[in-house]
Structures are given as C-alpha cells and as structure tokens.
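Structure below is run27.cif: mmCIF, C-alpha atoms.
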data_protein
#
loop_
_atom_site.label_atom_id
_atom_site.label_comp_id
_atom_site.auth_asym_id
_atom_site.auth_seq_id
_atom_site.Cartn_x
_atom_site.Cartn_y
_atom_site.Cartn_z
CA MET P 273 19.54 154.84 235.93
CA ALA P 274 21.93 155.89 238.66
CA THR P 275 21.05 159.06 240.52
CA PRO P 276 23.66 161.78 239.92
CA PRO P 277 25.42 163.01 243.06
CA LEU P 278 24.14 166.23 244.53
CA PRO P 279 26.59 168.93 243.39
CA PRO P 280 27.89 171.51 245.82
CA SER P 281 26.06 174.76 245.19
CA PRO P 282 27.65 178.20 245.53
CA LEU P 283 24.15 179.57 246.12
CA GLY P 284 24.82 180.26 249.81
CA GLU P 285 22.21 179.90 252.47
CA THR P 286 18.64 181.12 252.25
CA ALA P 287 16.37 181.61 255.23
CA LEU P 288 14.69 178.30 254.33
CA THR P 289 17.90 176.27 254.25
CA ARG P 290 18.93 177.77 257.60
CA HIS P 291 15.55 177.20 259.20
CA ALA P 292 15.10 173.65 257.91
CA GLY P 293 18.73 172.48 258.07
CA ILE P 294 18.72 171.43 254.41
CA ARG P 295 21.11 171.89 251.48
CA VAL P 296 18.65 172.69 248.69
CA PRO P 297 15.89 175.33 249.16
CA LEU P 298 13.25 172.92 247.93
CA ILE P 299 10.23 171.41 249.72
CA CYS P 300 8.12 168.40 248.81
CA GLY P 301 4.80 169.83 249.94
CA PRO P 302 2.40 167.87 252.13
CA MET P 303 -0.07 166.08 249.88
CA TYR P 304 -3.18 164.21 250.82
CA PRO P 305 -3.20 161.35 249.94
CA CYS P 306 0.15 161.22 248.13
CA SER P 307 2.71 161.85 250.91
CA ASN P 308 3.73 158.27 251.60
CA PRO P 309 6.76 157.63 253.84
CA GLU P 310 9.02 156.52 250.99
CA LEU P 311 8.47 159.77 249.09
CA VAL P 312 8.93 162.05 252.11
CA ALA P 313 12.12 160.21 253.09
CA ALA P 314 13.59 160.18 249.58
CA VAL P 315 13.25 163.96 249.21
CA SER P 316 14.83 164.64 252.59
CA LYS P 317 17.63 162.14 252.07
CA ALA P 318 18.48 163.91 248.79
CA GLY P 319 19.06 167.22 250.57
CA ALA P 320 15.67 168.95 250.28
CA LEU P 321 12.77 168.80 252.77
CA GLY P 322 9.98 166.22 252.79
CA ILE P 323 6.87 167.23 254.73
CA VAL P 324 4.75 164.69 256.61
CA GLN P 325 0.99 164.97 256.03
CA PRO P 326 -0.41 163.22 259.13
CA ILE P 327 -3.79 162.12 257.79
CA SER P 328 -2.08 160.67 254.74
CA LEU P 329 0.43 158.88 256.97
CA THR P 330 -2.19 157.37 259.27
CA TYR P 331 -5.47 157.03 257.37
CA VAL P 332 -4.16 156.35 253.86
CA HIS P 333 -0.90 154.54 254.50
CA GLY P 334 -1.93 152.80 257.71
CA PHE P 335 0.82 153.84 260.13
CA GLU P 336 0.46 154.57 263.80
CA PHE P 337 1.71 158.14 263.83
CA ARG P 338 4.88 157.75 265.89
CA ALA P 339 5.78 154.52 264.10
CA GLY P 340 5.31 156.30 260.77
CA LEU P 341 7.68 159.10 261.75
CA ARG P 342 10.27 156.55 262.84
CA ARG P 343 9.88 154.70 259.56
CA ILE P 344 10.53 157.92 257.62
CA ASN P 345 13.56 158.73 259.78
CA ALA P 346 14.97 155.26 259.17
CA LEU P 347 14.49 155.54 255.41
CA SER P 348 15.99 159.04 255.25
CA GLY P 349 18.99 158.28 257.42
CA GLY P 350 17.86 160.88 259.93
CA ALA P 351 17.70 163.77 257.46
CA PRO P 352 15.45 166.70 258.46
CA ILE P 353 11.73 166.33 257.77
CA GLY P 354 8.82 168.67 258.32
CA PHE P 355 5.29 168.29 259.65
CA ASN P 356 2.05 169.76 258.27
CA ALA P 357 -0.41 171.01 260.91
CA LEU P 358 -3.84 171.83 259.48
CA ILE P 359 -5.19 173.92 262.30
CA GLU P 360 -8.71 174.93 261.28
CA ALA P 361 -10.67 174.76 264.53
CA SER P 362 -13.95 173.38 263.17
CA SER P 363 -13.72 170.19 265.26
CA LYS P 364 -12.54 169.92 268.87
CA THR P 365 -11.77 166.24 268.36
CA TYR P 366 -9.56 166.99 265.36
CA HIS P 367 -7.85 169.88 267.18
CA ASN P 368 -6.99 167.66 270.14
CA ARG P 369 -5.59 165.04 267.77
CA MET P 370 -3.46 167.67 266.03
CA VAL P 371 -2.11 168.85 269.39
CA ARG P 372 -1.03 165.27 270.14
CA TRP P 373 0.53 164.91 266.69
CA VAL P 374 2.54 168.13 267.13
CA GLU P 375 3.78 166.93 270.52
CA THR P 376 4.73 163.54 269.12
CA ALA P 377 6.51 165.10 266.14
CA LEU P 378 8.57 167.27 268.50
CA GLU P 379 9.41 164.25 270.62
CA GLU P 380 10.62 162.46 267.49
CA GLY P 381 12.93 165.33 266.54
CA VAL P 382 10.88 167.26 263.97
CA ARG P 383 11.73 170.95 264.10
CA PHE P 384 10.14 172.37 260.94
CA PHE P 385 6.35 172.84 260.95
CA LEU P 386 4.04 174.06 258.20
CA THR P 387 0.65 175.35 259.36
CA SER P 388 -2.47 175.78 257.26
CA LEU P 389 -6.05 177.05 257.51
CA GLY P 390 -6.16 178.70 260.91
CA ASN P 391 -4.43 180.77 263.58
CA PRO P 392 -0.93 179.32 264.03
CA ARG P 393 -0.22 180.94 267.40
CA TRP P 394 -0.52 177.81 269.53
CA VAL P 395 1.74 175.85 267.17
CA CYS P 396 4.32 178.66 267.18
CA GLU P 397 4.37 178.85 270.96
CA ARG P 398 4.89 175.12 271.37
CA VAL P 399 7.38 174.71 268.52
CA HIS P 400 9.44 177.78 269.40
CA ALA P 401 9.73 176.51 272.98
CA ALA P 402 11.36 173.40 271.54
CA GLY P 403 13.72 175.35 269.27
CA GLY P 404 11.80 174.77 266.05
CA VAL P 405 10.40 177.01 263.30
CA VAL P 406 6.95 177.45 261.79
CA TYR P 407 6.02 178.49 258.26
CA HIS P 408 2.41 179.25 257.33
CA ASP P 409 0.47 178.59 254.11
CA ILE P 410 -1.10 181.72 252.63
CA THR P 411 -2.83 182.73 249.41
CA GLU P 412 -3.13 186.48 250.02
CA ARG P 413 -2.02 189.28 252.33
CA LYS P 414 -4.72 188.96 254.99
CA TRP P 415 -3.64 185.37 255.75
CA ALA P 416 0.00 186.44 255.75
CA LEU P 417 -0.81 189.10 258.36
CA LYS P 418 -2.59 186.49 260.46
CA GLY P 419 0.46 184.25 260.27
CA ARG P 420 2.84 187.08 261.11
CA ASP P 421 0.72 188.14 264.08
CA GLY P 422 0.63 184.51 265.22
CA GLY P 423 4.42 184.45 265.36
CA VAL P 424 5.41 182.41 262.31
CA ASP P 425 9.00 182.39 261.01
CA GLY P 426 8.15 182.26 257.31
CA LEU P 427 5.38 181.93 254.74
CA VAL P 428 4.53 179.49 251.94
CA ALA P 429 2.81 181.54 249.27
CA VAL P 430 0.38 179.38 247.27
CA ASN P 431 -0.18 180.93 243.85
CA ARG P 432 -2.80 180.33 241.18
CA GLU P 433 -0.71 177.69 239.41
CA ALA P 434 -0.80 175.27 242.36
CA GLY P 435 -2.56 171.93 242.53
CA GLY P 436 -5.14 171.11 245.19
CA HIS P 437 -6.39 174.14 247.11
CA THR P 438 -5.00 176.94 245.03
CA GLY P 439 -4.50 180.70 245.23
CA SER P 440 -5.75 183.46 242.97
CA ARG P 441 -2.58 185.49 242.33
CA ASP P 442 0.49 184.84 240.21
CA ALA P 443 3.85 184.31 241.88
CA ARG P 444 5.15 187.84 241.27
CA ALA P 445 1.99 189.61 242.45
CA LEU P 446 1.76 187.47 245.57
CA LEU P 447 5.38 188.10 246.54
CA ASP P 448 5.01 191.85 245.96
CA GLU P 449 1.89 191.85 248.15
CA ILE P 450 3.67 190.42 251.20
CA ALA P 451 7.34 191.40 250.72
CA ASP P 452 7.13 194.24 253.23
CA LEU P 453 6.26 191.88 256.10
CA GLY P 454 9.91 190.95 256.59
CA LEU P 455 9.37 187.19 256.52
CA PRO P 456 11.07 184.69 254.19
CA VAL P 457 8.64 183.43 251.56
CA VAL P 458 8.55 180.06 249.80
CA ALA P 459 6.77 179.85 246.43
CA ALA P 460 4.22 177.08 245.88
CA GLY P 461 2.68 176.39 242.50
CA GLY P 462 3.59 176.11 238.86
CA VAL P 463 7.08 174.60 239.12
CA GLY P 464 7.89 171.40 237.28
CA GLU P 465 11.42 171.99 235.99
CA PRO P 466 14.72 173.44 237.27
CA ALA P 467 14.59 176.67 235.23
CA GLN P 468 11.31 177.63 236.90
CA PHE P 469 12.81 176.89 240.32
CA ARG P 470 15.77 179.15 239.66
CA ALA P 471 13.58 181.93 238.27
CA LEU P 472 11.51 182.06 241.47
CA LEU P 473 14.62 182.19 243.65
CA GLU P 474 15.97 185.04 241.54
CA MET P 475 12.60 186.77 241.91
CA GLY P 476 13.18 186.92 245.66
CA TYR P 477 11.71 183.74 247.09
CA ALA P 478 13.65 181.89 249.82
CA GLY P 479 12.67 178.50 248.43
CA VAL P 480 10.16 176.62 246.31
CA GLN P 481 7.59 173.99 247.25
CA LEU P 482 6.71 171.27 244.72
CA GLY P 483 3.74 168.95 244.78
CA THR P 484 2.68 167.66 241.37
CA ARG P 485 6.28 167.03 240.20
CA PHE P 486 6.88 164.73 243.18
CA ILE P 487 3.72 162.70 242.52
CA ALA P 488 5.26 161.61 239.21
CA THR P 489 8.12 159.80 240.97
CA THR P 490 9.03 156.19 241.52
CA GLU P 491 8.77 156.58 245.32
CA CYS P 492 5.25 157.99 245.33
CA ASN P 493 2.86 155.05 245.68
CA SER P 494 -0.15 156.70 244.07
CA ASP P 495 -1.98 154.84 241.31
CA LEU P 496 0.13 154.54 238.16
CA ARG P 497 -2.81 155.88 236.12
CA TYR P 498 -2.63 159.08 238.17
CA LYS P 499 1.11 159.49 237.57
CA GLN P 500 0.74 158.80 233.86
CA ALA P 501 -2.12 161.28 233.62
CA ILE P 502 0.20 163.96 235.04
CA VAL P 503 2.88 163.08 232.48
CA ASN P 504 0.37 163.19 229.62
CA ALA P 505 -1.49 166.34 230.72
CA THR P 506 -1.02 169.97 229.78
CA SER P 507 -2.13 172.97 231.79
CA GLN P 508 -5.27 173.07 229.65
CA ASP P 509 -6.32 169.83 231.34
CA VAL P 510 -6.29 171.41 234.82
CA VAL P 511 -9.69 172.65 236.04
CA LEU P 512 -11.07 174.05 239.29
CA THR P 513 -13.83 172.09 241.00
CA GLU P 514 -15.91 172.91 244.06
CA ARG P 515 -17.45 169.44 244.14
CA LEU P 516 -14.58 167.86 246.06
CA THR P 517 -14.22 170.02 249.18
CA GLY P 518 -16.71 172.84 248.66
CA VAL P 519 -14.02 175.37 247.68
CA PRO P 520 -12.08 175.48 244.39
CA VAL P 521 -9.52 172.68 244.01
CA SER P 522 -7.23 172.20 241.00
CA VAL P 523 -7.67 168.74 239.48
CA LEU P 524 -7.08 167.05 236.17
CA ARG P 525 -10.10 167.01 233.93
CA THR P 526 -11.42 163.46 233.60
CA PRO P 527 -14.71 162.00 232.32
CA TYR P 528 -15.77 161.66 235.97
CA VAL P 529 -15.14 165.38 236.63
CA ASP P 530 -17.02 166.29 233.44
CA ARG P 531 -19.96 164.09 234.39
CA LEU P 532 -20.23 165.53 237.91
CA GLY P 533 -19.63 169.17 236.99
CA THR P 534 -17.42 171.60 238.88
CA THR P 535 -19.82 173.66 241.04
CA VAL P 536 -21.70 172.80 244.23
CA GLY P 537 -25.48 172.72 244.21
CA PRO P 538 -27.71 175.56 245.46
CA ILE P 539 -28.43 173.93 248.84
CA SER P 540 -24.77 173.38 249.61
CA ARG P 541 -23.98 176.93 248.54
CA LEU P 542 -26.56 178.28 251.00
CA LEU P 543 -25.16 176.10 253.79
CA PHE P 544 -21.64 177.38 253.13
CA LYS P 545 -22.89 180.95 253.56
CA GLY P 546 -24.83 180.33 256.78
CA ARG P 547 -23.16 181.40 260.02
CA LYS P 548 -24.45 178.34 261.88
CA THR P 549 -24.24 175.84 259.03
CA LYS P 550 -20.90 176.61 257.35
CA HIS P 551 -18.77 174.64 259.83
CA TRP P 552 -21.02 171.59 259.52
CA ILE P 553 -21.02 171.59 255.72
CA ARG P 554 -17.24 172.15 255.60
CA THR P 555 -16.71 169.16 257.87
CA TRP P 556 -19.05 166.99 255.80
CA TYR P 557 -17.29 167.91 252.55
CA ALA P 558 -13.86 167.42 254.14
CA LEU P 559 -14.67 163.92 255.39
CA ARG P 560 -16.19 162.94 252.06
CA SER P 561 -13.17 164.25 250.16
CA LEU P 562 -10.80 162.17 252.33
CA ARG P 563 -12.55 159.02 251.15
CA GLN P 564 -12.84 160.13 247.52
CA LEU P 565 -9.19 161.12 247.16
CA LYS P 566 -7.94 157.94 248.82
CA ARG P 567 -10.09 155.80 246.52
CA SER P 568 -9.14 157.55 243.30
CA SER P 569 -5.47 158.38 243.95
CA VAL P 570 -4.22 155.36 245.88
CA ASP P 571 -6.80 152.57 245.78
CA GLY P 572 -7.27 152.76 242.01
CA ALA P 573 -11.02 153.38 241.94
CA THR P 574 -12.56 154.63 238.71
CA SER P 575 -14.05 157.81 240.27
CA ASP P 576 -11.07 159.91 239.24
CA TYR P 577 -10.29 162.99 241.30
CA TRP P 578 -6.63 163.62 240.59
CA GLN P 579 -5.22 166.80 242.09
CA ALA P 580 -2.59 168.54 239.96
CA GLY P 581 -1.24 171.99 239.24
CA ARG P 582 -0.34 173.76 236.02
CA SER P 583 3.24 172.58 236.37
CA VAL P 584 2.11 169.52 234.38
CA ASP P 585 3.27 171.40 231.28
CA ALA P 586 6.88 170.78 232.37
CA ILE P 587 6.50 167.18 233.64
CA HIS P 588 7.27 164.58 231.00
CA ASP P 589 8.36 161.46 232.89
CA ILE P 590 8.24 159.47 236.10
CA ARG P 591 11.64 159.49 237.82
CA PRO P 592 13.26 159.05 241.25
CA ALA P 593 12.78 161.93 243.66
CA ALA P 594 16.54 162.19 244.29
CA GLN P 595 17.14 162.88 240.59
CA ILE P 596 14.65 165.73 240.69
CA VAL P 597 16.33 167.27 243.75
CA ALA P 598 19.79 166.90 242.15
CA GLU P 599 18.69 168.48 238.88
CA PHE P 600 17.03 171.40 240.64
CA ALA P 601 20.15 171.93 242.77
CA ALA P 602 22.35 171.83 239.67
CA SER P 603 20.34 174.70 238.15
CA LEU P 604 21.78 176.96 240.86
CA ALA P 605 25.40 175.96 240.34
CA ASP P 606 26.42 179.21 238.60
CA VAL P 607 24.57 181.58 240.93
CA PRO P 608 27.18 183.85 242.54
CA THR P 609 27.98 183.11 246.17
CA GLY P 610 26.11 185.42 248.50
CA HIS P 611 23.27 186.11 246.06
CA SER P 612 20.21 186.75 248.22
CA HIS P 613 17.02 184.84 247.57
CA SER P 614 14.99 186.03 250.51
CA VAL P 615 12.82 188.97 251.32
CA GLU P 616 13.78 188.48 254.97
CA GLN P 617 14.87 191.76 256.50
CA PRO P 618 18.11 191.97 258.48
CA THR P 619 17.77 191.77 262.24
#
Translate this structure into structure tokens?
Amino acid sequence: MATPPLPPSPLGETALTRHAGIRVPLICGPMYPCSNPELVAAVSKAGALGIVQPISLTYVHGFEFRAGLRRINALSGGAPIGFNALIEASSKTYHNRMVRWVETALEEGVRFFLTSLGNPRWVCERVHAAGGVVYHDITERKWALKGRDGGVDGLVAVNREAGGHTGSRDARALLDEIADLGLPVVAAGGVGEPAQFRALLEMGYAGVQLGTRFIATTECNSDLRYKQAIVNATSQDVVLTERLTGVPVSVLRTPYVDRLGTTVGPISRLLFKGRKTKHWIRTWYALRSLRQLKRSSVDGATSDYWQAGRSVDAIHDIRPAAQIVAEFAASLADVPTGHSHSVEQPT
C-alpha cells in the first residue's frame, strides 16, 4: 500500500517542533532493543523524530556507533534525529562511554538529546554549547525539578500507560503536577491511535512520544511473534514485573512471565535497599536484562519478555512507520492555526 503524503497542518509550531526541527510533534521513543536504524530513520524521514538508543544500535544491531549514526542519516535523507543519553552514574566505565557517544553524536550533527535516570547537567552544558536542546524523562515532579535545575529545555512525562519502565500517574495528573515549571512537556504512554494523540495535544502537551505503536511496524526488525502479540493483545494483557530489571516494567503477559512470577526474591529486595549494595544489584539486573530482552525481542528465543504499554488496545495491525506519522499528522488538520499545545511560558 502506498504511503499517503504528509498533509500540511495548520497546527502551527509547538515548542517540540521548534526545538527538534520537525513538522509533526511526534517522537518515536528510544527503545531497547527495538530502535533499529531503519525504524529511527523512517520516523524522521516522515516528518516526526526518531530517537537513537545507543546500546540498541551497538550491542543489538551490531553497528560501530558513528557508522550507525551515518547509516541512519543516509536512510533518513538527513532528517533530524535525536539521541538518548541514559546518565545514571552507577558505572564510571559506562559514564565515560556515554560522554564519548554524546560527543560523537554532536559531531555527526545531532542536536536533540533525551536524558534519562540521572542529573542531566553535564549533557545540557555540552549540548547547549553546540546549539542543541535537551529534554529529560520524568515520572513525577521531583525528577522534573531535577531536570529543570540541571538546565533542560523540556520534559518527557512518562505516565502509567507506558511500556517498559513506566510511571504511576495518568497523563492529566502528571501534566498538572509539572505545568508550573514553565517547560514544554511531551506525553509518553498510552497512545496508539491519532485521536489519542490529538487529545493529549489539546490537553496542553507540546508533543507525544510513542513506543509500542512503532514496534508494530514493517521497519522495526523485532521478532514477528512480538509484533503479532502486540496486535493481538489488550491492555488486560499488560502486567508489571520486577523480575526483568529490579523495578516495575510493563510487559505482555506470557507463559514465561507467569512461570517466573512478577516480583523479585527476598534477597534481591534486601540488596536493592542497602546503601552499599543497591548500585551493584542494579548493575547486575541491568546487564542481565540487556541479554534477556535481546534474546526474546530480536533473536527469537522462547523466554518471552516483550515490553509493551496499554496502547495495545488501539493497535490492530503492522504497518509502515510513515503511514502512522501521516495519519497522526492528519488528525490535526482542522486544529485552528495558532492553537497552543504547550505549557511553555512566554519569555
């Protein structure tokens, strides 16, 4: 089926479209292990923003980092892309690698950065010096304050409908909680169809980040069983498990998940609470989860850990990413010009 052309939208600019240099206020969120170069490039080429997840690019899909960025740029025709910097400082080796990745991304022309799990100050200082912008993942106000104080330009608010590491608040409550901070906010979680996208923009969000919807695309190279499970699932099939990373993660319920259970054991729970042991146990769980997710989501192993959000209720087929972007853009076609979709305060 031919992809419909992207219609011109009278929506006007949001803070996200200005910051990212895109036409549609829509992000394909960074997904481990699902953010393969073809998917990231397809979303950006269609007028939205694909985000590079560096561990997915290098460990899962086998690219040397700079070569992977150049591959994405070639596939997208040079359209803007973003970069995901997970900045939790539990490992000096990992931190140093992330510093190199940020530098390389800047050298290759990336100017939109999404930080997660730590203090974003060092990323902001380096990216701002190069003329770029930084948004920060948050699930509640205290993390939003940390991002603001670190100098970020915007926030990605992960709500309780999201796949993977999820929040605890609904989209409205989370926006209300941080609206006074004067930063543009992108919604993440629970969106699988255009009407939901539009509703969040009308609520006051500057954009929307999708994950699960973009897994069920022809460009995503995850296991076909995983994609079909998303298409077949309802929100009742989404459960939270601690067994993958040590903290609650939204996954599809499978016989493997049922067999293993969804809570960590008593020893692990004690280690997570210990001041001296929590960093070690987090690192151990993180490294184990990298292998498990790669095996189940890409390599086709039978130990099924398939991350997904409650947006599965609205996902009924596997289609090209460009069609999804075009359909979401079309849902804004009758929004009056100048309608504001940002909580950003005037400067």
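Closest approach to P:Phe335 among P:Pro309, P:Gly404, P:Gly322, P:Pro352 is made by P:Pro309 (distances from only C-alpha atoms).
Between atom CA of P:Thr330 and atom CA of P:Thr365 lies a distance of 15.9 Å.
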Next on the checklist: Taking 5 positions as the minimum chain separation for residues in the same chain, which residues sit within 10 Å of P:Gly340 when counting all atoms listed in the file? Answer as a PyMOL selection string.
Outcome noted: chain P and resi 308-309+324+326+329-330+333-335+345-346
Once you have the residues from the selection above, write them out as a PDB file, in the frame of the given file, restricted to C-alpha atoms.
ATOM      1  CA  ASN P 308       3.730 158.270 251.600  1.00  0.00           C
ATOM      2  CA  PRO P 309       6.760 157.630 253.840  1.00  0.00           C
ATOM      3  CA  VAL P 324       4.750 164.690 256.610  1.00  0.00           C
ATOM      4  CA  PRO P 326      -0.410 163.220 259.130  1.00  0.00           C
ATOM      5  CA  LEU P 329       0.430 158.880 256.970  1.00  0.00           C
ATOM      6  CA  THR P 330      -2.190 157.370 259.270  1.00  0.00           C
ATOM      7  CA  HIS P 333      -0.900 154.540 254.500  1.00  0.00           C
ATOM      8  CA  GLY P 334      -1.930 152.800 257.710  1.00  0.00           C
ATOM      9  CA  PHE P 335       0.820 153.840 260.130  1.00  0.00           C
ATOM     10  CA  ASN P 345      13.560 158.730 259.780  1.00  0.00           C
ATOM     11  CA  ALA P 346      14.970 155.260 259.170  1.00  0.00           C
TER      12      ALA P 346
END
Using 9 Å as the limit and counting only C-alpha atoms, can you tabulate each residue of stretch 412-519 of chain P that touches stretch 524-532 of chain P, with its shortest atom-to-atom distance in Å and the two atoms involved, as a Markdown table?
| residue | atom | partner | partner_atom | distance |
| --- | --- | --- | --- | --- |
| P:Ala501 | CA | P:Leu524 | CA | 8.0 |
| P:Ile502 | CA | P:Leu524 | CA | 8.0 |
| P:Ala505 | CA | P:Leu524 | CA | 7.8 |
| P:Ser507 | CA | P:Leu524 | CA | 8.9 |
| P:Gln508 | CA | P:Arg525 | CA | 8.9 |
| P:Asp509 | CA | P:Arg525 | CA | 5.4 |
| P:Val510 | CA | P:Leu524 | CA | 4.6 |
| P:Val511 | CA | P:Arg525 | CA | 6.0 |
| P:Leu512 | CA | P:Leu524 | CA | 8.6 |
| P:Thr513 | CA | P:Val529 | CA | 8.1 |
| P:Arg515 | CA | P:Leu532 | CA | 7.9 |
Please produce a file of those selected residues containing C-alpha atoms, as a PDB file, in the coordinates of the input.
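Result file part.pdb:
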ATOM      1  CA  ALA P 501      -2.120 161.280 233.620  1.00  0.00           C
ATOM      2  CA  ILE P 502       0.200 163.960 235.040  1.00  0.00           C
ATOM      3  CA  ALA P 505      -1.490 166.340 230.720  1.00  0.00           C
ATOM      4  CA  SER P 507      -2.130 172.970 231.790  1.00  0.00           C
ATOM      5  CA  GLN P 508      -5.270 173.070 229.650  1.00  0.00           C
ATOM      6  CA  ASP P 509      -6.320 169.830 231.340  1.00  0.00           C
ATOM      7  CA  VAL P 510      -6.290 171.410 234.820  1.00  0.00           C
ATOM      8  CA  VAL P 511      -9.690 172.650 236.040  1.00  0.00           C
ATOM      9  CA  LEU P 512     -11.070 174.050 239.290  1.00  0.00           C
ATOM     10  CA  THR P 513     -13.830 172.090 241.000  1.00  0.00           C
ATOM     11  CA  ARG P 515     -17.450 169.440 244.140  1.00  0.00           C
TER      12      ARG P 515
END
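Shortest atom-to-atom contact with P:Gly419 among P:Val584, P:Ile359, P:Leu473, P:Ala605: P:Ile359, counting all atoms listed in the file.
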Next on the checklist: Just want the 6 Å neighbourhood of stretch 435-438 of chain P, counted on all atoms listed in the file, with same-chain residues fewer than 4 positions away dropped. Output as a VMD selection string.
Outcome noted: chain P and resid 521 to 522 579 to 581
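Distances to P:Ser583 were evaluated for P:Glu379, P:Glu433, P:Glu599, P:Glu449 using only C-alpha atoms, and the minimum falls at P:Glu433.
Closest approach to P:Phe469 from the set P:Phe486, P:Phe600, P:Tyr407, P:Phe337 is made by P:Phe600, with distances taken over all atoms listed in the file.
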Next on the checklist: Translate the PyMOL selection byres ((chain P and resi 385) around 12) into a concrete residue list for this structure, as a ChimeraX atom specification.
Outcome noted: /P:288,291-292,299,301-302,321-326,352-359,373-375,377-378,381-384,386-388,392,395-400,402-409,424-428
Write the residues of the preceding selection, restricted to C-alpha atoms, as an mmCIF file, keeping the file's coordinate frame.
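result-v8.cif written:
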data_model
loop_
_atom_site.group_PDB
_atom_site.id
_atom_site.type_symbol
_atom_site.label_atom_id
_atom_site.label_comp_id
_atom_site.auth_asym_id
_atom_site.auth_seq_id
_atom_site.Cartn_x
_atom_site.Cartn_y
_atom_site.Cartn_z
ATOM 1 C CA LEU P 288 14.690 178.300 254.330
ATOM 2 C CA HIS P 291 15.550 177.200 259.200
ATOM 3 C CA ALA P 292 15.100 173.650 257.910
ATOM 4 C CA ILE P 299 10.230 171.410 249.720
ATOM 5 C CA GLY P 301 4.800 169.830 249.940
ATOM 6 C CA PRO P 302 2.400 167.870 252.130
ATOM 7 C CA LEU P 321 12.770 168.800 252.770
ATOM 8 C CA GLY P 322 9.980 166.220 252.790
ATOM 9 C CA ILE P 323 6.870 167.230 254.730
ATOM 10 C CA VAL P 324 4.750 164.690 256.610
ATOM 11 C CA GLN P 325 0.990 164.970 256.030
ATOM 12 C CA PRO P 326 -0.410 163.220 259.130
ATOM 13 C CA PRO P 352 15.450 166.700 258.460
ATOM 14 C CA ILE P 353 11.730 166.330 257.770
ATOM 15 C CA GLY P 354 8.820 168.670 258.320
ATOM 16 C CA PHE P 355 5.290 168.290 259.650
ATOM 17 C CA ASN P 356 2.050 169.760 258.270
ATOM 18 C CA ALA P 357 -0.410 171.010 260.910
ATOM 19 C CA LEU P 358 -3.840 171.830 259.480
ATOM 20 C CA ILE P 359 -5.190 173.920 262.300
ATOM 21 C CA TRP P 373 0.530 164.910 266.690
ATOM 22 C CA VAL P 374 2.540 168.130 267.130
ATOM 23 C CA GLU P 375 3.780 166.930 270.520
ATOM 24 C CA ALA P 377 6.510 165.100 266.140
ATOM 25 C CA LEU P 378 8.570 167.270 268.500
ATOM 26 C CA GLY P 381 12.930 165.330 266.540
ATOM 27 C CA VAL P 382 10.880 167.260 263.970
ATOM 28 C CA ARG P 383 11.730 170.950 264.100
ATOM 29 C CA PHE P 384 10.140 172.370 260.940
ATOM 30 C CA LEU P 386 4.040 174.060 258.200
ATOM 31 C CA THR P 387 0.650 175.350 259.360
ATOM 32 C CA SER P 388 -2.470 175.780 257.260
ATOM 33 C CA PRO P 392 -0.930 179.320 264.030
ATOM 34 C CA VAL P 395 1.740 175.850 267.170
ATOM 35 C CA CYS P 396 4.320 178.660 267.180
ATOM 36 C CA GLU P 397 4.370 178.850 270.960
ATOM 37 C CA ARG P 398 4.890 175.120 271.370
ATOM 38 C CA VAL P 399 7.380 174.710 268.520
ATOM 39 C CA HIS P 400 9.440 177.780 269.400
ATOM 40 C CA ALA P 402 11.360 173.400 271.540
ATOM 41 C CA GLY P 403 13.720 175.350 269.270
ATOM 42 C CA GLY P 404 11.800 174.770 266.050
ATOM 43 C CA VAL P 405 10.400 177.010 263.300
ATOM 44 C CA VAL P 406 6.950 177.450 261.790
ATOM 45 C CA TYR P 407 6.020 178.490 258.260
ATOM 46 C CA HIS P 408 2.410 179.250 257.330
ATOM 47 C CA ASP P 409 0.470 178.590 254.110
ATOM 48 C CA VAL P 424 5.410 182.410 262.310
ATOM 49 C CA ASP P 425 9.000 182.390 261.010
ATOM 50 C CA GLY P 426 8.150 182.260 257.310
ATOM 51 C CA LEU P 427 5.380 181.930 254.740
ATOM 52 C CA VAL P 428 4.530 179.490 251.940
#
Item to check | For stretch 451-453 of chain P: contacts at 8 Å, only C-alpha atoms, fewer than 2 positions along chain excluded, given as a PyMOL selection string | outcome: chain P and resi 417+420+447-449+455+615
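A straight line drawn from atom CA of P:Arg369 to atom CA of P:Val519 is 24.1 Å long.
Straight-line separation from atom CA of P:Ala318 to atom CA of P:Val597: 6.4 Å.
Each of P:Arg338, P:Arg485, P:Lys364, P:Lys317 was checked against P:Ala434 using all atoms listed in the file; the smallest atom-to-atom distance is that of P:Arg485.
Closest approach to P:Lys499 among P:Ala594, P:Ser603, P:Lys414, P:Cys306: P:Cys306, based on only C-alpha atoms.
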